[in-house]
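S.K.: The structure is given below, and queries will be raised subsequently.
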6 protein chains.
Amino acid sequence: MTSARFQQGMQKLQELTIASADSPTGHMEVGESFKDIAPDLTRLVVEFAFGDIYSRPGLDNKQKVLTTISALVAQGTPQIGMHVITGLNAGLTPDEIAGCIMHLIPYVGFPHALNALKVAQQVFAEQGVAISGT
Amino acid sequence: MTSARFQQGMQKLQELTIASADSPTGHMEVGESFKDIAPDLTRLVVEFAFGDIYSRPGLDNKQKVLTTISALVAQGTPQIGMHVITGLNAGLTPDEIAGCIMHLIPYVGFPHALNALKVAQQVFAEQGVAISGT
Amino acid sequence: MTSARFQQGMQKLQELTIASADSPTGHMEVGESFKDIAPDLTRLVVEFAFGDIYSRPGLDNKQKVLTTISALVAQGTPQIGMHVITGLNAGLTPDEIAGCIMHLIPYVGFPHALNALKVAQQVFAEQGVAISGT
Amino acid sequence: MTSARFQQGMQKLQELTIASADSPTGHMEVGESFKDIAPDLTRLVVEFAFGDIYSRPGLDNKQKVLTTISALVAQGTPQIGMHVITGLNAGLTPDEIAGCIMHLIPYVGFPHALNALKVAQQVFAEQGVAISGT
Amino acid sequence: MTSARFQQGMQKLQELTIASADSPTGHMEVGESFKDIAPDLTRLVVEFAFGDIYSRPGLDNKQKVLTTISALVAQGTPQIGMHVITGLNAGLTPDEIAGCIMHLIPYVGFPHALNALKVAQQVFAEQGVAISGT
Amino acid sequence: MTSARFQQGMQKLQELTIASADSPTGHMEVGESFKDIAPDLTRLVVEFAFGDIYSRPGLDNKQKVLTTISALVAQGTPQIGMHVITGLNAGLTPDEIAGCIMHLIPYVGFPHALNALKVAQQVFAEQGVAISGT
């Protein structure tokens with residue numbers, strides 16, 4: 001019954017990871033890792049977050065990931081690393097991702113921005129990417 | 001001594017309001033309204049938020065406002081209305097702004113998204129704009 | 001394609017409002033009020049929040065609303081009033097709802113608890129209910 | 001049994017309001033206003049917040065209120081107004097209170113600081129006080 | 001002077017741990033671990049959190065822990081693990097605890113729910129319990 | 001162009017660390033550690049946080065650090081350790097710092113206070129300081 005939404009979600013997930021088969025975004029893995037206590041989590045993530053929401057019109061993929069990262073910077077949640085990877089896969093440059101975090105300093109304060117920069121720095125190192133001019 | 005940064009901030013502010021002289025973004029007005037208890041607030045907003053941060057490279061103006069709005073949705077602060085106006089002036093469409101708020105539902109939850117939608121709806125009505133297809 | 005989930009969500013919504021036809025929970029109305037800027041919001045609320053999540057096993061309806069109210073107290077979001085009504089409809093007593101808010105003082109602090117008590121107090125007055133012994 | 005702590009709390013409350021019999025801090029009134037749904041709230045506020053916590057050694061009264069206001073600025077809760085009054089009564093100057101809010105901009109961001117400034121501005125006007133030099 | 005409240009708090013703590021002498025809830029241990037910098041912390045936790053608040057009427061123990069866990073999920077604080085243990089001791093099933101966290105996804109977003117699931121998963125493994133059907 | 005503010009910021013930073021050359025506050029080090037992805041971060045921290053904000057009149061240094069620590073306790077951000085060191089350097093006693101965190105329990109709840117106490121405890125141990133009477 002829910003397969004159309006699941007397929008739409010899976011298609012969107014593949015679209016977001018197509019740039020780099022070597023750097024999966026981890027969204028599926030997260031759901032699977034909780035299979036023992038939340039067997040429906042993967043389905044909910046794929047169907048709702050990717051099938052319903054990420055598949056909406058209005059914003060392009062790069063804008064959607066930028067929007068997500070910004071909210072997580074404000075929220076201070078550790079999931080930001082996974083979404084930085086998704087952002088790189090979707091075509092955001094390291095300059096855009098670091099620029100987004102730096103841009104938020106006047107709105108969320110230095111502490112939340114520093115925490116996010118630390119995560120982005122680790123992901124950039126792992127992915128072998130850098131901001132321009134460095 | 002700080003005039004170069006102040007001028008840079010003012011230039012960025014004008015750039016962000018050029019599309020519509022009739023809909024000032026209100027950022028200056030906010031600073032001025034606290035002149036009695038924080039005489040340096042306008043200077044700090046213009047110099048730091050607009051001269052230092054909004055003038056950084058990395059993101060274009062539309063991305064910068066989208067990033068700001070996303071953080072304020074997550075934060076639940078009422079300033080979001082002022083930044084929705086700034087976003088319209090910077091060229092974001094109502095579809096992009098509403099799309100940004102709707103996109104954040106899986107990350108910040110319905111309550112914060114509903115609060116932000118209410119503010120955006122009021123600003124759209126006041127500015128006489130609408131999402132496409134309505 | 002999504003009608004099964006929508007029907008499941010609508011059924012859960014009716015189940016949560018059956019006790020009192022005179023005090024609708026307002027969840028549908030919220031979605032409808034944003035029809036102009038988020039035409040799919042009602043569908044997402046009914047399908048996801050009520051069809052997917054509220055229809056999960058594990059907790060009974062009273063526990064689900066108590067859980068929701070507790071999170072909103074911690075979050076400080078104004079939607080708490082709508083969920084207090086849902087709680088009364090689902091069978092939570094005013095003692096349980098006020099008791100939940102008071103119980104959270106050591107965990108979220110007095111300010112968030114006081115804000116929530118104010119909203120609950122207004123809903124109790126509007127619904128003509130009171131805690132036992134008053 | 002609890003009267004010693006209640007008396008200690010009441011004594012601390014009186015100490016915090018002694019400077020100005022005309023501007024009660026409102027802490028008792030808040031508790032009383034919820035007598036119908038939380039009959040023990042006044043007792044808990046007086047005994048715990050004032051009898052246990054405000055009566056601890058380590059900080060003087062001015063530091064204690066400054067600390068409280070700072071946390072509420074970060075939290076974004078509306079109770080800040082009541083604590084600004086308490087601060088004035090405890091001997092904090094308008095410069096110290098406004099200075100505290102302005103000092104927090106780099107840590108909590110402009111939005112939370114602006115919300116707090118607005119509340120402080122209203123309290124200062126109601127109390128007929130102003131920062132020095134204005 | 002405070003011994004009645006301390007005794008009431010200790011009694012409530014014992015009541016919450018009676019199901020399993022082998023899995024202490026850790027609430028006392030937390031207080032003791034800060035004896036060097038906050039010698040009164042244990043007393044405040046036992047007297048206020050357990051003697052005053054946990055001993056209030058209105059909710060049963062299972063509801064009280066469920067309420068606590070829900071607030072901590074929304075808050076994103078690491079103490080949630082200690083309260084998951086308390087919940088198991090108070091009689092909440094793993095299905096109720098995992099169900100509570102999953103139920104909060106639409107209200108607090110996936111990131112906070114995923115962080116809480118991870119902690120619950122670890123506690124369930126340590127305690128040798130599982131949701132039904134697994 | 002910005003050198004006057006940078007110098008003012010550096011002077012304030014030195015003032016805050018003068019008491020103890022052996023325990024640098026780490027504010028510069030943080031900025032430097034992100035040189036690869038945010039080359040302007042050190043400048044922004046020194047110029048804005050220390051040159052603009054920490055150099056404002058209204059509060060003395062001890063009050064400024066107390067204010068900062070209080071906001072970080074409410075926020076739950078890990079930077080609190082660095083500011084506890086700054087506080088000790090600025091002349092705050094361990095009693096004042098621990099007293100500040102304990103004072104916030106009624107406003108931010110036990111979980112945020114416990115997280116902050118843990119960080120303060122570690123810093124006190126590393127710095128070889130203790131509250132009076134221990």
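Here's how to read the names in the structure tokens: chain A, B, ... by the order shown, residue numbers from 1 in each chain, ligand numbers from 1 in the order shown.
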Could you list, as a PyMOL selection string, every residue within 7 Å of range 54-70 of chain D, counting only C-alpha atoms and ignoring same-chain residues fewer than 3 positions away?
M.R.: (chain D and resi 12+49-51+73-74+80+83+87+90-92+100) or (chain F and resi 66-67+70-71+95-96+99-100+103-104)
S.K.: Store the residues picked out above, limited to all heavy atoms, as a short mmCIF file (atom, residue, chain, number, x, y, z; two decimals), in the first residue's frame.
M.R.:
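What ended up in part-v4.cif:
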data_model
loop_
_atom_site.label_atom_id
_atom_site.label_comp_id
_atom_site.auth_asym_id
_atom_site.auth_seq_id
_atom_site.Cartn_x
_atom_site.Cartn_y
_atom_site.Cartn_z
N LYS D 12 13.94 35.38 51.94
CA LYS D 12 14.75 35.71 50.77
C LYS D 12 13.94 36.55 49.78
O LYS D 12 14.43 37.53 49.22
CB LYS D 12 15.24 34.42 50.11
CG LYS D 12 16.05 34.59 48.84
CD LYS D 12 17.27 35.47 48.99
CE LYS D 12 18.43 34.81 49.70
NZ LYS D 12 19.66 35.67 49.67
N ALA D 49 12.77 27.28 44.95
CA ALA D 49 13.50 28.33 44.23
C ALA D 49 14.10 29.35 45.19
O ALA D 49 15.25 29.78 45.01
CB ALA D 49 12.59 29.01 43.20
N PHE D 50 13.34 29.75 46.23
CA PHE D 50 13.86 30.78 47.12
C PHE D 50 14.45 30.22 48.43
O PHE D 50 15.49 30.68 48.88
CB PHE D 50 12.79 31.85 47.38
CG PHE D 50 12.51 32.64 46.12
CD1 PHE D 50 11.49 32.28 45.27
CD2 PHE D 50 13.34 33.69 45.77
CE1 PHE D 50 11.28 32.97 44.08
CE2 PHE D 50 13.14 34.39 44.58
CZ PHE D 50 12.10 34.02 43.73
N GLY D 51 13.77 29.23 49.04
CA GLY D 51 14.28 28.67 50.29
C GLY D 51 15.53 27.83 50.10
O GLY D 51 16.51 27.94 50.84
N VAL D 73 17.52 34.64 28.93
CA VAL D 73 17.80 35.19 27.60
C VAL D 73 18.13 34.05 26.63
O VAL D 73 17.62 34.00 25.51
CB VAL D 73 18.99 36.19 27.65
CG1 VAL D 73 19.40 36.63 26.25
CG2 VAL D 73 18.63 37.41 28.50
N ALA D 74 18.98 33.13 27.08
CA ALA D 74 19.36 32.00 26.24
C ALA D 74 18.18 31.09 25.94
O ALA D 74 18.07 30.49 24.88
CB ALA D 74 20.46 31.19 26.92
N ILE D 80 11.35 36.53 31.76
CA ILE D 80 12.48 37.43 31.96
C ILE D 80 12.06 38.78 32.56
O ILE D 80 12.79 39.36 33.36
CB ILE D 80 13.26 37.61 30.63
CG1 ILE D 80 14.62 38.21 30.88
CG2 ILE D 80 12.47 38.41 29.63
CD1 ILE D 80 15.51 38.18 29.64
N HIS D 83 12.00 38.80 36.29
CA HIS D 83 13.34 38.74 36.87
C HIS D 83 14.12 40.04 36.65
O HIS D 83 15.03 40.34 37.42
CB HIS D 83 14.11 37.53 36.32
CG HIS D 83 13.52 36.23 36.78
ND1 HIS D 83 13.83 35.67 37.98
CD2 HIS D 83 12.59 35.42 36.23
CE1 HIS D 83 13.15 34.54 38.14
NE2 HIS D 83 12.39 34.36 37.09
N GLY D 87 15.78 42.00 39.60
CA GLY D 87 17.14 42.49 39.49
C GLY D 87 17.26 43.95 39.93
O GLY D 87 18.18 44.32 40.68
N ALA D 90 17.04 44.09 43.55
CA ALA D 90 18.23 43.55 44.21
C ALA D 90 19.43 44.47 44.07
O ALA D 90 20.48 44.21 44.64
CB ALA D 90 18.56 42.17 43.65
N GLY D 91 19.29 45.55 43.28
CA GLY D 91 20.37 46.51 43.17
C GLY D 91 21.12 46.51 41.85
O GLY D 91 22.08 47.27 41.67
N LEU D 92 20.71 45.66 40.91
CA LEU D 92 21.33 45.74 39.59
C LEU D 92 20.91 47.05 38.93
O LEU D 92 19.74 47.44 39.01
CB LEU D 92 20.88 44.56 38.71
CG LEU D 92 21.46 43.18 39.03
CD1 LEU D 92 20.79 42.11 38.17
CD2 LEU D 92 22.98 43.14 38.79
N CYS D 100 24.14 43.01 30.32
CA CYS D 100 24.09 41.55 30.35
C CYS D 100 23.46 41.00 29.07
O CYS D 100 23.98 40.07 28.46
CB CYS D 100 23.29 41.11 31.60
SG CYS D 100 22.51 39.51 31.50
N LEU F 66 30.41 35.39 34.13
CA LEU F 66 29.29 34.74 34.82
C LEU F 66 28.06 34.69 33.92
O LEU F 66 27.35 33.68 33.84
CB LEU F 66 28.97 35.52 36.11
CG LEU F 66 28.26 34.77 37.23
CD1 LEU F 66 29.16 33.67 37.77
CD2 LEU F 66 27.87 35.71 38.35
N THR F 67 27.83 35.80 33.25
CA THR F 67 26.72 35.91 32.30
C THR F 67 26.88 34.90 31.16
O THR F 67 25.93 34.20 30.78
CB THR F 67 26.68 37.36 31.77
OG1 THR F 67 26.24 38.21 32.84
CG2 THR F 67 25.76 37.50 30.59
N SER F 70 26.31 31.29 32.40
CA SER F 70 24.89 31.04 32.64
C SER F 70 24.14 30.74 31.34
O SER F 70 23.31 29.83 31.29
CB SER F 70 24.25 32.26 33.31
OG SER F 70 24.88 32.54 34.54
N ALA F 71 24.44 31.51 30.30
CA ALA F 71 23.77 31.28 29.02
C ALA F 71 24.15 29.91 28.45
O ALA F 71 23.30 29.21 27.89
CB ALA F 71 24.12 32.38 28.03
N ASP F 95 33.63 28.71 44.03
CA ASP F 95 32.32 28.80 44.68
C ASP F 95 31.33 29.60 43.83
O ASP F 95 30.14 29.27 43.78
CB ASP F 95 32.44 29.48 46.05
CG ASP F 95 33.21 28.61 47.03
OD1 ASP F 95 34.43 28.47 46.83
OD2 ASP F 95 32.59 28.08 47.96
N GLU F 96 31.81 30.66 43.21
CA GLU F 96 30.91 31.47 42.37
C GLU F 96 30.50 30.70 41.12
O GLU F 96 29.33 30.74 40.70
CB GLU F 96 31.58 32.79 41.99
CG GLU F 96 31.65 33.79 43.15
CD GLU F 96 32.45 35.03 42.83
OE1 GLU F 96 33.57 34.92 42.26
OE2 GLU F 96 31.98 36.13 43.16
N GLY F 99 28.36 27.83 42.20
CA GLY F 99 27.14 28.45 42.71
C GLY F 99 26.23 28.93 41.60
O GLY F 99 25.00 28.84 41.71
N CYS F 100 26.82 29.43 40.55
CA CYS F 100 26.05 29.88 39.38
C CYS F 100 25.31 28.71 38.75
O CYS F 100 24.12 28.80 38.44
CB CYS F 100 27.02 30.54 38.39
SG CYS F 100 26.54 30.52 36.68
N HIS F 103 22.59 27.52 41.03
CA HIS F 103 21.50 28.50 41.07
C HIS F 103 20.53 28.34 39.91
O HIS F 103 19.35 28.71 40.00
CB HIS F 103 22.08 29.92 41.08
CG HIS F 103 21.02 30.97 41.11
ND1 HIS F 103 20.28 31.24 42.23
CD2 HIS F 103 20.53 31.79 40.14
CE1 HIS F 103 19.39 32.18 41.96
NE2 HIS F 103 19.53 32.54 40.71
N LEU F 104 21.01 27.80 38.81
CA LEU F 104 20.17 27.72 37.61
C LEU F 104 19.23 26.52 37.58
O LEU F 104 18.39 26.41 36.68
CB LEU F 104 21.05 27.75 36.35
CG LEU F 104 21.75 29.09 36.11
CD1 LEU F 104 22.71 29.00 34.94
CD2 LEU F 104 20.72 30.19 35.86
#
S.K.: Show me, as CSV, the residues of chain A having an atom within 8 Å of chain F, each with the closest atom pair and its distance in Å, using only C-alpha atoms.
M.R.:
residue,atom,partner,partner_atom,distance
A:Asp95,CA,F:Ile37,CA,7.9
A:Ala98,CA,F:Ile37,CA,6.4
A:Met102,CA,F:Ala38,CA,7.5
A:Pro111,CA,F:Gln79,CA,6.3
A:His112,CA,F:Thr77,CA,7.1
A:Leu117,CA,F:Phe34,CA,7.5
A:Lys118,CA,F:Phe34,CA,7.7
A:Gln121,CA,F:Ile37,CA,6.8
A:Ala130,CA,F:Ile37,CA,7.2
A:Ile131,CA,F:Ile37,CA,6.1
A:Thr134,CA,F:Asp36,CA,6.5
S.K.: With N, CA and C atoms kept, could you save the residues just selected as a compact mmCIF listing (two decimals), in the first residue's frame?
M.R.:
# COMPACT_ATOMS: atom_id res chain seq x y z
N ASP A 95 32.78 25.37 0.24
CA ASP A 95 32.63 26.80 0.54
C ASP A 95 31.19 27.14 0.92
N ALA A 98 30.61 25.44 4.55
CA ALA A 98 31.28 26.21 5.59
C ALA A 98 30.69 27.62 5.66
N MET A 102 29.17 29.55 8.96
CA MET A 102 29.69 30.86 9.38
C MET A 102 28.59 31.93 9.32
N PRO A 111 28.86 29.38 19.89
CA PRO A 111 28.99 27.98 20.33
C PRO A 111 28.37 26.96 19.35
N HIS A 112 27.14 27.17 18.94
CA HIS A 112 26.52 26.24 17.99
C HIS A 112 27.27 26.22 16.66
N LEU A 117 31.07 23.57 12.83
CA LEU A 117 32.31 23.65 12.05
C LEU A 117 33.19 22.43 12.32
N LYS A 118 33.23 22.00 13.56
CA LYS A 118 34.06 20.85 13.93
C LYS A 118 33.60 19.59 13.17
N GLN A 121 34.40 20.02 9.44
CA GLN A 121 35.84 19.87 9.24
C GLN A 121 36.24 18.39 9.15
N ALA A 130 38.07 20.36 0.25
CA ALA A 130 38.51 21.56 0.97
C ALA A 130 37.84 22.78 0.39
N ILE A 131 37.79 23.86 1.18
CA ILE A 131 37.25 25.10 0.64
C ILE A 131 38.25 25.64 -0.37
N THR A 134 42.45 26.84 -0.32
CA THR A 134 43.23 26.16 0.73
C THR A 134 43.84 24.86 0.21
S.K.: Between CA of Asp52 in chain E and CA of Arg5 in chain E, what is the distance, to one decimal in Å?
M.R.: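 Pair CA of Asp52 in chain E / CA of Arg5 in chain E returns 7.1 Å.
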S.K.: Enumerate as a PyMOL selection string all residues of range 35-131 of chain B assigned to alpha helix (DSSP H) by DSSP on the backbone, naming them with the chain letters and numbers the document uses.
M.R.: chain B and resi 41-44+61-75+80-90+94-103+105-108+110-127
